[in-house]
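J.: Provided herewith: model.json, JSON, C-alpha atoms.
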```
[["chain", "number", "residue", "atom", "x", "y", "z"],
["G", 1, "MET", "CA", -12.85, -21.77, 3.51],
["G", 2, "THR", "CA", -15.89, -20.84, 5.57],
["G", 3, "TYR", "CA", -17.09, -17.29, 5.70],
["G", 4, "GLN", "CA", -15.96, -16.98, 9.34],
["G", 5, "GLN", "CA", -12.43, -17.99, 8.35],
["G", 6, "ALA", "CA", -12.57, -15.62, 5.39],
["G", 7, "GLY", "CA", -13.48, -12.79, 7.77],
["G", 8, "ARG", "CA", -10.43, -13.53, 9.92],
["G", 9, "VAL", "CA", -8.16, -13.79, 6.87],
["G", 10, "ALA", "CA", -9.55, -10.48, 5.61],
["G", 11, "ILE", "CA", -8.68, -8.74, 8.87],
["G", 12, "ILE", "CA", -5.18, -10.25, 8.87],
["G", 13, "LYS", "CA", -4.64, -9.16, 5.24],
["G", 14, "ARG", "CA", -5.75, -5.60, 5.97],
["G", 15, "ILE", "CA", -3.51, -5.30, 9.03],
["G", 16, "ALA", "CA", -0.55, -6.86, 7.20],
["G", 17, "GLY", "CA", -1.12, -4.51, 4.27],
["G", 18, "TRP", "CA", -0.93, -1.45, 6.52],
["G", 19, "ILE", "CA", 2.10, -2.86, 8.39],
["G", 20, "ILE", "CA", 3.94, -3.28, 5.08],
["G", 21, "PHE", "CA", 2.67, -0.08, 3.44],
["G", 22, "ILE", "CA", 3.44, 2.53, 6.12],
["G", 23, "PRO", "CA", 7.15, 1.72, 6.75],
["G", 24, "ALA", "CA", 7.80, 1.22, 3.03],
["G", 25, "LEU", "CA", 6.21, 4.58, 2.22],
["G", 26, "LEU", "CA", 8.17, 6.36, 4.95],
["G", 27, "SER", "CA", 11.42, 4.74, 3.87],
["G", 28, "THR", "CA", 10.84, 5.61, 0.22],
["G", 29, "LEU", "CA", 9.99, 9.24, 0.98],
["G", 30, "ILE", "CA", 13.03, 9.60, 3.23],
["G", 31, "SER", "CA", 15.20, 7.95, 0.55],
["G", 32, "LEU", "CA", 13.96, 10.46, -2.02],
["G", 33, "LEU", "CA", 14.64, 13.34, 0.36],
["G", 34, "GLY", "CA", 18.13, 11.93, 0.89],
["G", 35, "PHE", "CA", 18.60, 11.78, -2.88],
["G", 36, "LEU", "CA", 17.52, 15.40, -3.24],
["G", 37, "GLU", "CA", 19.91, 16.47, -0.53],
["G", 38, "LYS", "CA", 22.80, 14.37, -1.86],
["G", 39, "SER", "CA", 22.42, 15.55, -5.45],
["G", 40, "ARG", "CA", 22.60, 19.20, -4.46],
["G", 41, "GLU", "CA", 25.25, 20.90, -6.53],
["G", 42, "GLN", "CA", 26.16, 24.52, -6.85],
["G", 43, "ARG", "CA", 24.31, 25.83, -9.86],
["G", 44, "ASP", "CA", 23.52, 29.32, -10.93],
["G", 45, "GLY", "CA", 20.26, 31.11, -11.42],
["G", 46, "ILE", "CA", 16.90, 29.73, -10.45],
["G", 47, "ASN", "CA", 18.27, 26.19, -10.04],
["G", 48, "ALA", "CA", 20.55, 27.31, -7.22],
["G", 49, "VAL", "CA", 17.67, 29.01, -5.43],
["G", 50, "MET", "CA", 15.44, 25.92, -5.83],
["G", 51, "GLN", "CA", 18.15, 23.59, -4.57],
["G", 52, "ASP", "CA", 18.92, 25.80, -1.58],
["G", 53, "PHE", "CA", 15.21, 25.92, -0.76],
["G", 54, "ALA", "CA", 14.99, 22.11, -1.06],
["G", 55, "HIS", "CA", 18.04, 21.73, 1.21],
["G", 56, "VAL", "CA", 16.51, 24.00, 3.88],
["G", 57, "MET", "CA", 13.19, 22.15, 3.70],
["G", 58, "ILE", "CA", 14.87, 18.74, 4.00],
["G", 59, "ASP", "CA", 16.88, 19.90, 7.02],
["G", 60, "MET", "CA", 13.71, 21.24, 8.62],
["G", 61, "ILE", "CA", 11.88, 17.94, 8.00],
["G", 62, "ARG", "CA", 14.77, 15.92, 9.43],
["G", 63, "PHE", "CA", 14.96, 18.16, 12.51],
["G", 64, "ASN", "CA", 11.22, 17.93, 13.19],
["G", 65, "THR", "CA", 10.92, 14.17, 12.67],
["G", 66, "GLY", "CA", 13.35, 12.87, 15.26],
["G", 67, "PHE", "CA", 11.07, 9.89, 15.92],
["G", 68, "LEU", "CA", 11.93, 8.70, 12.39],
["G", 69, "SER", "CA", 15.67, 8.67, 13.06],
["G", 70, "GLY", "CA", 15.83, 4.94, 12.27],
["G", 71, "PHE", "CA", 14.48, 5.63, 8.82],
["G", 72, "TRP", "CA", 16.80, 8.62, 8.32],
["G", 73, "ALA", "CA", 19.81, 6.47, 9.23],
["G", 74, "ASN", "CA", 18.91, 3.27, 7.37],
["G", 75, "SER", "CA", 16.86, 4.17, 4.30],
["G", 76, "PRO", "CA", 18.84, 3.54, 1.11],
["G", 77, "VAL", "CA", 19.69, 6.71, -0.80],
["G", 78, "PRO", "CA", 19.24, 6.04, -4.52],
["G", 79, "ASP", "CA", 21.47, 7.38, -7.26],
["G", 80, "PHE", "CA", 19.24, 7.73, -10.30],
["G", 81, "ASN", "CA", 22.08, 9.02, -12.46],
["G", 82, "GLN", "CA", 24.27, 5.91, -12.21],
["G", 83, "GLY", "CA", 23.34, 3.15, -9.75],
["G", 84, "THR", "CA", 20.97, 0.21, -9.89],
["G", 85, "ASN", "CA", 19.41, 0.99, -6.49],
["G", 86, "VAL", "CA", 18.05, -2.53, -5.90],
["G", 87, "LEU", "CA", 17.16, -2.07, -2.23],
["G", 88, "PHE", "CA", 15.39, 1.22, -2.97],
["G", 89, "TRP", "CA", 13.28, -0.41, -5.69],
["G", 90, "VAL", "CA", 12.43, -3.39, -3.45],
["G", 91, "ILE", "CA", 11.18, -1.03, -0.75],
["G", 92, "TYR", "CA", 9.29, 0.97, -3.40],
["G", 93, "VAL", "CA", 7.54, -2.20, -4.62],
["G", 94, "LEU", "CA", 6.61, -3.06, -1.02],
["G", 95, "ILE", "CA", 4.44, 0.07, -0.95],
["G", 96, "PHE", "CA", 2.22, -1.39, -3.65],
["G", 97, "VAL", "CA", 2.30, -4.91, -2.25],
["G", 98, "GLY", "CA", 0.96, -3.45, 1.00],
["G", 99, "LEU", "CA", -1.73, -1.55, -0.89],
["G", 100, "ALA", "CA", -2.73, -4.70, -2.80],
["G", 101, "LEU", "CA", -2.88, -6.73, 0.43],
["G", 102, "GLN", "CA", -5.08, -4.11, 2.05],
["G", 103, "ALA", "CA", -7.36, -3.94, -1.01],
["G", 104, "SER", "CA", -7.67, -7.72, -1.16],
["G", 105, "GLY", "CA", -8.51, -7.85, 2.55],
["G", 106, "ALA", "CA", -11.09, -5.10, 2.14],
["G", 107, "ARG", "CA", -12.75, -7.01, -0.70],
["G", 108, "MET", "CA", -12.86, -10.21, 1.34],
["G", 109, "TRP", "CA", -14.27, -8.29, 4.31],
["G", 110, "ARG", "CA", -17.08, -6.84, 2.18],
["G", 111, "GLN", "CA", -17.93, -10.30, 0.83],
["G", 112, "THR", "CA", -18.00, -11.91, 4.27],
["G", 113, "ARG", "CA", -20.21, -9.12, 5.60],
["G", 114, "PHE", "CA", -22.58, -9.61, 2.66],
["G", 115, "LEU", "CA", -22.61, -13.38, 3.24],
["G", 116, "ARG", "CA", -23.31, -12.91, 6.94],
["G", 117, "GLU", "CA", -26.24, -10.60, 6.23],
["G", 118, "SER", "CA", -27.58, -12.91, 3.50],
["G", 119, "LEU", "CA", -27.34, -15.88, 5.85],
["G", 120, "GLU", "CA", -29.35, -14.01, 8.48],
["G", 121, "ASP", "CA", -32.00, -13.18, 5.87],
["G", 122, "GLN", "CA", -32.11, -16.80, 4.73],
["G", 123, "MET", "CA", -32.48, -17.98, 8.34],
["G", 124, "ILE", "CA", -35.62, -15.85, 8.69],
["G", 125, "LEU", "CA", -37.08, -17.55, 5.60],
["G", 126, "GLU", "CA", -36.08, -21.01, 6.84],
["G", 127, "LYS", "CA", -37.74, -20.41, 10.20],
["G", 128, "ALA", "CA", -40.89, -19.35, 8.38],
["G", 129, "ARG", "CA", -40.93, -22.76, 6.62],
["G", 130, "GLY", "CA", -41.12, -24.47, 9.97],
["G", 131, "THR", "CA", -39.86, -28.03, 10.42],
["G", 132, "GLU", "CA", -38.84, -28.56, 6.78],
["G", 133, "GLY", "CA", -36.53, -25.51, 6.83],
["G", 134, "GLN", "CA", -32.76, -25.92, 6.90],
["G", 135, "SER", "CA", -30.68, -25.24, 9.98],
["G", 136, "ARG", "CA", -27.94, -22.63, 10.22],
["G", 137, "GLU", "CA", -25.24, -25.32, 10.07],
["G", 138, "GLN", "CA", -26.70, -26.77, 6.87],
["G", 139, "LEU", "CA", -26.70, -23.36, 5.23],
["G", 140, "GLU", "CA", -23.15, -22.59, 6.40],
["G", 141, "GLU", "CA", -21.89, -25.87, 4.93],
["G", 142, "LYS", "CA", -23.06, -24.77, 1.49],
["G", 143, "ILE", "CA", -21.15, -21.48, 1.59],
["G", 144, "VAL", "CA", -17.68, -21.65, 0.06],
["G", 145, "VAL", "CA", -15.68, -18.43, -0.09],
["G", 146, "PRO", "CA", -13.06, -18.33, -2.87],
["G", 147, "ARG", "CA", -9.49, -17.44, -2.03],
["G", 148, "HIS", "CA", -8.41, -13.95, -3.06],
["G", 149, "THR", "CA", -4.87, -13.37, -4.17],
["G", 150, "ILE", "CA", -3.18, -9.99, -4.16],
["G", 151, "PHE", "CA", -2.04, -10.54, -7.75],
["G", 152, "LEU", "CA", -5.58, -9.82, -8.98],
["G", 153, "GLN", "CA", -5.33, -6.26, -7.69],
["G", 154, "ILE", "CA", -4.42, -4.89, -11.12],
["G", 155, "PHE", "CA", -4.40, -1.13, -10.50],
["G", 156, "PRO", "CA", -2.55, -0.87, -7.16],
["G", 157, "LEU", "CA", -0.04, -3.59, -7.97],
["G", 158, "TYR", "CA", 0.77, -3.09, -11.66],
["G", 159, "ILE", "CA", -0.47, 0.24, -13.03],
["G", 160, "LEU", "CA", -0.03, 2.70, -10.14],
["G", 161, "PRO", "CA", 3.72, 2.03, -9.60],
["G", 162, "VAL", "CA", 4.46, 2.71, -13.27],
["G", 163, "ILE", "CA", 2.41, 5.92, -13.26],
["G", 164, "ILE", "CA", 4.26, 7.19, -10.18],
["G", 165, "ILE", "CA", 7.67, 6.26, -11.62],
["G", 166, "VAL", "CA", 6.95, 8.13, -14.87],
["G", 167, "ALA", "CA", 5.58, 11.19, -13.04],
["G", 168, "GLY", "CA", 8.51, 11.17, -10.60],
["G", 169, "TYR", "CA", 11.00, 10.91, -13.44],
["G", 170, "PHE", "CA", 9.54, 13.95, -15.19],
["G", 171, "VAL", "CA", 9.41, 15.99, -11.97],
["G", 172, "LEU", "CA", 13.04, 15.15, -11.07],
["G", 173, "LYS", "CA", 14.17, 15.75, -14.66],
["G", 174, "LEU", "CA", 12.42, 19.16, -14.83],
["G", 175, "ALA", "CA", 13.79, 20.15, -11.43],
["G", 176, "GLY", "CA", 17.31, 19.32, -12.61],
["G", 177, "PHE", "CA", 18.06, 16.48, -10.20],
["G", 178, "ILE", "CA", 18.46, 13.86, -12.96],
["G", 179, "ASN", "CA", 20.82, 14.35, -15.88]]
```
For the structure just supplied, provide its representation as structure tokens.
T.:
Amino acid sequence: MTYQQAGRVAIIKRIAGWIIFIPALLSTLISLLGFLEKSREQRDGINAVMQDFAHVMIDMIRFNTGFLSGFWANSPVPDFNQGTNVLFWVIYVLIFVGLALQASGARMWRQTRFLRESLEDQMILEKARGTEGQSREQLEEKIVVPRHTIFLQIFPLYILPVIIIVAGYFVLKLAGFIN
């Protein structure tokens, strides 16, 4: 792949990453808010006050985000106490796939920009050589940009989801939403 093609692929990867990431994040957050609202039980003491506060906050968020009504109506509400929640977990994973796509595109973009600048510097040296210097086309033929896969994005694709799941579990367990 030439460096011009790599630049176009990098832009497409970054845009696709954001297009996947933003709806998946919104859907996951709304699903979690739905879970918090659904799991509200009448408890006594501080738990009852916390759950009433959470219910009021969720209602306020829903009321003020009418433009997200499609997400409020269609986001899967997980049940962490019993269910498998496959659709919720697929959407959750899409958050990190989008992040990995965007990171891979950003890396490719940086490399193509570096190659473009290096090629311009080399062209100055080749022109200084005069007639025995190489042309731009000859230099561009020598440049081969490796393909970048999203699976090499170790932190956003493999480590970050596990860290967030563990932290979320402890927060929900301490708040009394998971048995």
J.: Kindly provide the residues of stretch 35-151 of chain G that approach stretch 14-18 of chain G to within 8 Å, each paired with its closest atom pair and their distance in Å to one decimal, based on only C-alpha atoms, listed by chain and increasing number, as CSV.
T.:
```
residue,atom,partner,partner_atom,distance
G:Val97,CA,G:Gly17,CA,7.4
G:Gly98,CA,G:Gly17,CA,4.0
G:Leu99,CA,G:Gly17,CA,6.0
G:Ala100,CA,G:Gly17,CA,7.3
G:Leu101,CA,G:Gly17,CA,4.8
G:Gln102,CA,G:Arg14,CA,4.2
G:Ala103,CA,G:Arg14,CA,7.4
G:Ser104,CA,G:Arg14,CA,7.7
G:Gly105,CA,G:Arg14,CA,4.9
G:Ala106,CA,G:Arg14,CA,6.6
```
J.: Quick one: write out the picked residues with C-alpha atoms as an mmCIF file, keeping the file's coordinate frame?
T.:
```cif
data_model
loop_
_atom_site.group_PDB
_atom_site.id
_atom_site.type_symbol
_atom_site.label_atom_id
_atom_site.label_comp_id
_atom_site.auth_asym_id
_atom_site.auth_seq_id
_atom_site.Cartn_x
_atom_site.Cartn_y
_atom_site.Cartn_z
ATOM 1 C CA VAL G 97 2.300 -4.910 -2.250
ATOM 2 C CA GLY G 98 0.960 -3.450 1.000
ATOM 3 C CA LEU G 99 -1.730 -1.550 -0.890
ATOM 4 C CA ALA G 100 -2.730 -4.700 -2.800
ATOM 5 C CA LEU G 101 -2.880 -6.730 0.430
ATOM 6 C CA GLN G 102 -5.080 -4.110 2.050
ATOM 7 C CA ALA G 103 -7.360 -3.940 -1.010
ATOM 8 C CA SER G 104 -7.670 -7.720 -1.160
ATOM 9 C CA GLY G 105 -8.510 -7.850 2.550
ATOM 10 C CA ALA G 106 -11.090 -5.100 2.140
#
```
J.: Provide the atom CA of G:Leu26 to atom CA of G:Thr65 distance in Å, to one decimal place.
T.: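 Separation between atom CA of G:Leu26 and atom CA of G:Thr65: 11.3 Å.
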J.: Quick one, how far is atom CA of G:Lys142 from atom CA of G:Ala128?
T.: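 Pair atom CA of G:Lys142 / atom CA of G:Ala128 returns 19.9 Å.
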J.: As an exercise, work out the distance from atom CA of G:Ser39 to atom CA of G:Phe177 in Å and give it to one decimal place.
T.: 6.5 Å
J.: What would the list of residues within 6 Å of (-17.2, -15.3, 7.6) (file frame) look like as a list in words, if only C-alpha atoms are what count?
T.: Tyr3, Gln4, Gln5, Ala6, Gly7 and Thr112 of chain G
J.: Hey, could you make a per-residue contact list for stretch 91-178 of chain G against stretch 50-59 of chain G with 12 Å as the cut-off, showing the nearest pair of atoms and its distance in Å to one decimal, counting only C-alpha atoms, sorted by chain and number, as a tab-separated table?
T.:
```
residue	atom	partner	partner_atom	distance
G:Leu172	CA	G:Gln51	CA	11.8
G:Leu174	CA	G:Met50	CA	11.7
G:Ala175	CA	G:Met50	CA	8.2
G:Gly176	CA	G:Gln51	CA	9.1
G:Phe177	CA	G:Gln51	CA	9.1
```
J.: Go through G:Lys13, G:Phe170, G:Arg8, G:Met60 and flag the residue nearest G:Thr149, using only C-alpha atoms for the distances.
T.: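 Among the listed residues, G:Lys13 lies closest to G:Thr149.
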J.: Nearest to G:Asn74: which of G:Gln134, G:Gln111, G:Ser27, G:Ser118 is it, counting all atoms listed in the file?
T.: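 The shortest atom-to-atom distance to G:Asn74 comes from G:Ser27.
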J.: Given the choices G:Leu119, G:Leu139, G:Val77, G:Val90, which gets closest to G:Leu33 if the distance is worked out from all atoms listed in the file?
T.: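 Looking at the shortest contact to G:Leu33, the residue is G:Val77.
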J.: Need to verify the contact set: G:Leu25, 9 Å, only C-alpha atoms, exclusion of same-chain residues closer than 6 positions in sequence. Can you return it as a PyMOL selection string?
T.: chain G and resi 91-92+94-95
